[in-house]
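Below you'll find the structure, written out as structure tokens, and then a few comments.
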Amino acid sequence: MSVEGVPEIEVDGTGLTVVIVAGMWHDVITDGLIAGATRVLEASGARFSLVRVPGSFELPVACKVALDNGADAVVALGVIIRGGTPHFEYVSSAATDGLTRVALDAGKPVGFGVLTLDTEQQGLDRAGLPGSKEDKGAEAASAALATARVLLGLAGH
């Protein structure tokens with residue numbers, strides 16, 4: 001895991017509405033991701049809410065509805081850990097492809113905080129918990145805010 005090259009992004013979220021959409025699997029890791037995203041959004045001044053869905057497969061449809069109903073951006077958070085069957089590949093692909101489609105169809109940012117992992121420890125290392133090396137929830141929220149501002153600027157707002 002490399003944390004070199006990670007940009008420092010601080011964005012004024014005043015006037016933006018963001019929805020965090022998070023799966024329910026692997027709650028210790030997911031709760032860490034949510035805490036990181038929440039911390040960034042609070043510090044930015046954005047209005048935000050949290051919606052929970054059963055798993056990462058459900059993230060795209062919930063994100064689409066949030067964006068269709070007025071959110072300026074969403075932050076998708078989930079944890080998918082490889083097991084002994086092809087299920088990992090199917091869910092990872094469906095979540096990634098679905099979230100990409102949602103962003104392109106809506107023309108609004110989807111902060112991507114879906115961890116695809118070989119082990120639980122890899123998730124703990126990325127969840128922004130005490131002792132974690134990275135905070136992927138915070139990174140996803142920062143990316144969503146920054147992209148929302150870029151898109152608004154491109155649209156002349």
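Following the order of the structure tokens, chains are lettered A, B, ..., residues in each are numbered from 1, and ligands are numbered from 1.
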Might you pull out every residue within 9 Å of Leu124 in chain A, with only C-alpha atoms counted and same-chain residues fewer than 6 positions away left off, and present them as JSON, numbers by chain? {"A": [28, 29, 32, 131, 132, 133]}
Selected residues written out with N, CA, C and O atoms, as an mmCIF file, in the first residue's frame:
```cif
data_model
loop_
_atom_site.group_PDB
_atom_site.id
_atom_site.type_symbol
_atom_site.label_atom_id
_atom_site.label_comp_id
_atom_site.auth_asym_id
_atom_site.auth_seq_id
_atom_site.Cartn_x
_atom_site.Cartn_y
_atom_site.Cartn_z
ATOM 1 N N VAL A 28 -16.921 -2.652 11.512
ATOM 2 C CA VAL A 28 -15.814 -1.898 12.112
ATOM 3 C C VAL A 28 -15.126 -1.062 11.037
ATOM 4 O O VAL A 28 -14.867 0.131 11.217
ATOM 5 N N ILE A 29 -14.843 -1.684 9.898
ATOM 6 C CA ILE A 29 -14.184 -0.974 8.799
ATOM 7 C C ILE A 29 -15.111 0.092 8.228
ATOM 8 O O ILE A 29 -14.711 1.252 8.042
ATOM 9 N N GLY A 32 -15.462 3.122 10.353
ATOM 10 C CA GLY A 32 -14.286 3.980 10.217
ATOM 11 C C GLY A 32 -14.353 4.829 8.960
ATOM 12 O O GLY A 32 -14.028 6.023 8.984
ATOM 13 N N GLY A 131 -4.300 3.797 14.267
ATOM 14 C CA GLY A 131 -3.334 2.836 13.761
ATOM 15 C C GLY A 131 -3.430 2.571 12.261
ATOM 16 O O GLY A 131 -2.569 1.918 11.693
ATOM 17 N N SER A 132 -4.494 3.073 11.619
ATOM 18 C CA SER A 132 -4.628 2.907 10.169
ATOM 19 C C SER A 132 -3.600 3.756 9.445
ATOM 20 O O SER A 132 -3.237 4.834 9.903
ATOM 21 N N LYS A 133 -3.162 3.279 8.296
ATOM 22 C CA LYS A 133 -2.202 4.021 7.479
ATOM 23 C C LYS A 133 -2.896 5.008 6.550
ATOM 24 O O LYS A 133 -2.294 5.961 6.083
#
```
Distance query range 94-108 of chain A at most 12 Å, only C-alpha atoms, self and fewer than 6 positions along chain excluded, as a PyMOL selection string: chain A and resi 16-18+21-23+55-80+87-88+114-116+143-152+154-155
Report, in Å to a single decimal, how far apart CA of Gly111 in chain A and CA of Ile20 in chain A are. 9.0 Å
Report as a VMD selection string: the residues of range 30-133 of chain A with a DSSP assignment of alpha helix (DSSP H), based on the backbone of this structure. chain A and resid 30 to 44 59 to 68 87 to 106 120 to 126
Write out as a VMD selection string all residues of chain A that backbone DSSP assigns to strand (DSSP E or B). chain A and resid 17 to 23 47 to 53 73 to 81 110 to 117 127 135
For Asp31 in chain A, please output as a VMD selection string all residues within 10 Å (counting only C-alpha atoms; exclusion window: fewer than 4 positions along the same chain). chain A and resid 22 to 27 35 to 37 77 to 78 127 to 129 137
Could you take the residues named above and write them with N, CA and C atoms, as an mmCIF file, in the first residue's frame?
```
data_model
loop_
_atom_site.group_PDB
_atom_site.id
_atom_site.type_symbol
_atom_site.label_atom_id
_atom_site.label_comp_id
_atom_site.auth_asym_id
_atom_site.auth_seq_id
_atom_site.Cartn_x
_atom_site.Cartn_y
_atom_site.Cartn_z
ATOM 1 N N ALA A 22 -23.635 4.090 2.535
ATOM 2 C CA ALA A 22 -22.691 3.100 3.048
ATOM 3 C C ALA A 22 -23.342 1.743 3.216
ATOM 4 N N GLY A 23 -22.592 0.716 2.854
ATOM 5 C CA GLY A 23 -23.038 -0.653 3.072
ATOM 6 C C GLY A 23 -22.960 -1.028 4.545
ATOM 7 N N MET A 24 -23.539 -2.168 4.867
ATOM 8 C CA MET A 24 -23.598 -2.619 6.258
ATOM 9 C C MET A 24 -22.600 -3.739 6.584
ATOM 10 N N TRP A 25 -21.948 -4.304 5.584
ATOM 11 C CA TRP A 25 -21.005 -5.384 5.829
ATOM 12 C C TRP A 25 -19.733 -4.849 6.484
ATOM 13 N N HIS A 26 -19.094 -5.686 7.307
ATOM 14 C CA HIS A 26 -17.798 -5.388 7.941
ATOM 15 C C HIS A 26 -17.867 -4.049 8.675
ATOM 16 N N ASP A 27 -18.705 -4.034 9.704
ATOM 17 C CA ASP A 27 -19.089 -2.781 10.354
ATOM 18 C C ASP A 27 -17.938 -2.009 10.986
ATOM 19 N N ALA A 35 -16.853 7.574 9.536
ATOM 20 C CA ALA A 35 -16.306 8.610 10.424
ATOM 21 C C ALA A 35 -15.374 9.547 9.653
ATOM 22 N N GLY A 36 -14.540 9.003 8.788
ATOM 23 C CA GLY A 36 -13.636 9.843 7.998
ATOM 24 C C GLY A 36 -14.386 10.761 7.054
ATOM 25 N N ALA A 37 -15.385 10.210 6.363
ATOM 26 C CA ALA A 37 -16.186 11.020 5.447
ATOM 27 C C ALA A 37 -16.940 12.105 6.206
ATOM 28 N N LEU A 77 -19.546 4.255 0.191
ATOM 29 C CA LEU A 77 -18.611 3.554 1.074
ATOM 30 C C LEU A 77 -19.033 2.098 1.227
ATOM 31 N N GLY A 78 -18.116 1.198 0.988
ATOM 32 C CA GLY A 78 -18.412 -0.220 1.133
ATOM 33 C C GLY A 78 -17.137 -1.017 1.326
ATOM 34 N N ALA A 127 -9.088 2.234 6.889
ATOM 35 C CA ALA A 127 -10.378 2.715 7.387
ATOM 36 C C ALA A 127 -10.311 3.994 8.214
ATOM 37 N N GLY A 128 -9.126 4.566 8.398
ATOM 38 C CA GLY A 128 -9.034 5.783 9.190
ATOM 39 C C GLY A 128 -9.187 5.554 10.683
ATOM 40 N N LEU A 129 -8.991 4.330 11.108
ATOM 41 C CA LEU A 129 -9.078 3.986 12.531
ATOM 42 C C LEU A 129 -7.740 4.289 13.207
ATOM 43 N N GLY A 137 -12.305 6.816 3.655
ATOM 44 C CA GLY A 137 -13.581 7.528 3.777
ATOM 45 C C GLY A 137 -13.384 9.024 3.623
#
```
Go through A:Val19, A:Phe112, A:Arg39, A:Arg82 and flag the residue nearest Arg52 in chain A, using only C-alpha atoms for the distances.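 Closest to Arg52 in chain A of all the choices is A:Val19.
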Residue among A:Pro54, A:Gly113, A:Gly83, A:Gly153 lying closest to Ile34 in chain A, counting only C-alpha atoms: A:Gly113
I'd like the neighbourhood of Arg126 in chain A as a ChimeraX atom specification, where a residue qualifies if any of its atoms comes within 6 Å (using only C-alpha atoms), though same-chain residues fewer than 5 positions away should be ignored. /A:132,134-136
Could you take the residues named above and write them with N, CA, C and O atoms, as an mmCIF file, in the first residue's frame?
```cif
data_model
loop_
_atom_site.group_PDB
_atom_site.id
_atom_site.type_symbol
_atom_site.label_atom_id
_atom_site.label_comp_id
_atom_site.auth_asym_id
_atom_site.auth_seq_id
_atom_site.Cartn_x
_atom_site.Cartn_y
_atom_site.Cartn_z
ATOM 1 N N SER A 132 -4.494 3.073 11.619
ATOM 2 C CA SER A 132 -4.628 2.907 10.169
ATOM 3 C C SER A 132 -3.600 3.756 9.445
ATOM 4 O O SER A 132 -3.237 4.834 9.903
ATOM 5 N N GLU A 134 -4.166 4.757 6.244
ATOM 6 C CA GLU A 134 -4.921 5.593 5.311
ATOM 7 C C GLU A 134 -6.335 5.816 5.835
ATOM 8 O O GLU A 134 -6.805 5.094 6.713
ATOM 9 N N ASP A 135 -7.007 6.807 5.251
ATOM 10 C CA ASP A 135 -8.400 7.112 5.601
ATOM 11 C C ASP A 135 -9.185 7.274 4.300
ATOM 12 O O ASP A 135 -9.363 8.381 3.790
ATOM 13 N N LYS A 136 -9.609 6.141 3.753
ATOM 14 C CA LYS A 136 -10.272 6.152 2.450
ATOM 15 C C LYS A 136 -11.656 6.801 2.499
ATOM 16 O O LYS A 136 -12.127 7.314 1.485
#
```
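Remark: for Gln121 in chain A, the closest of the candidate residues A:Pro86, A:Ala141, A:Ser93, A:Ile81 is A:Ile81 (distances computed over only C-alpha atoms).
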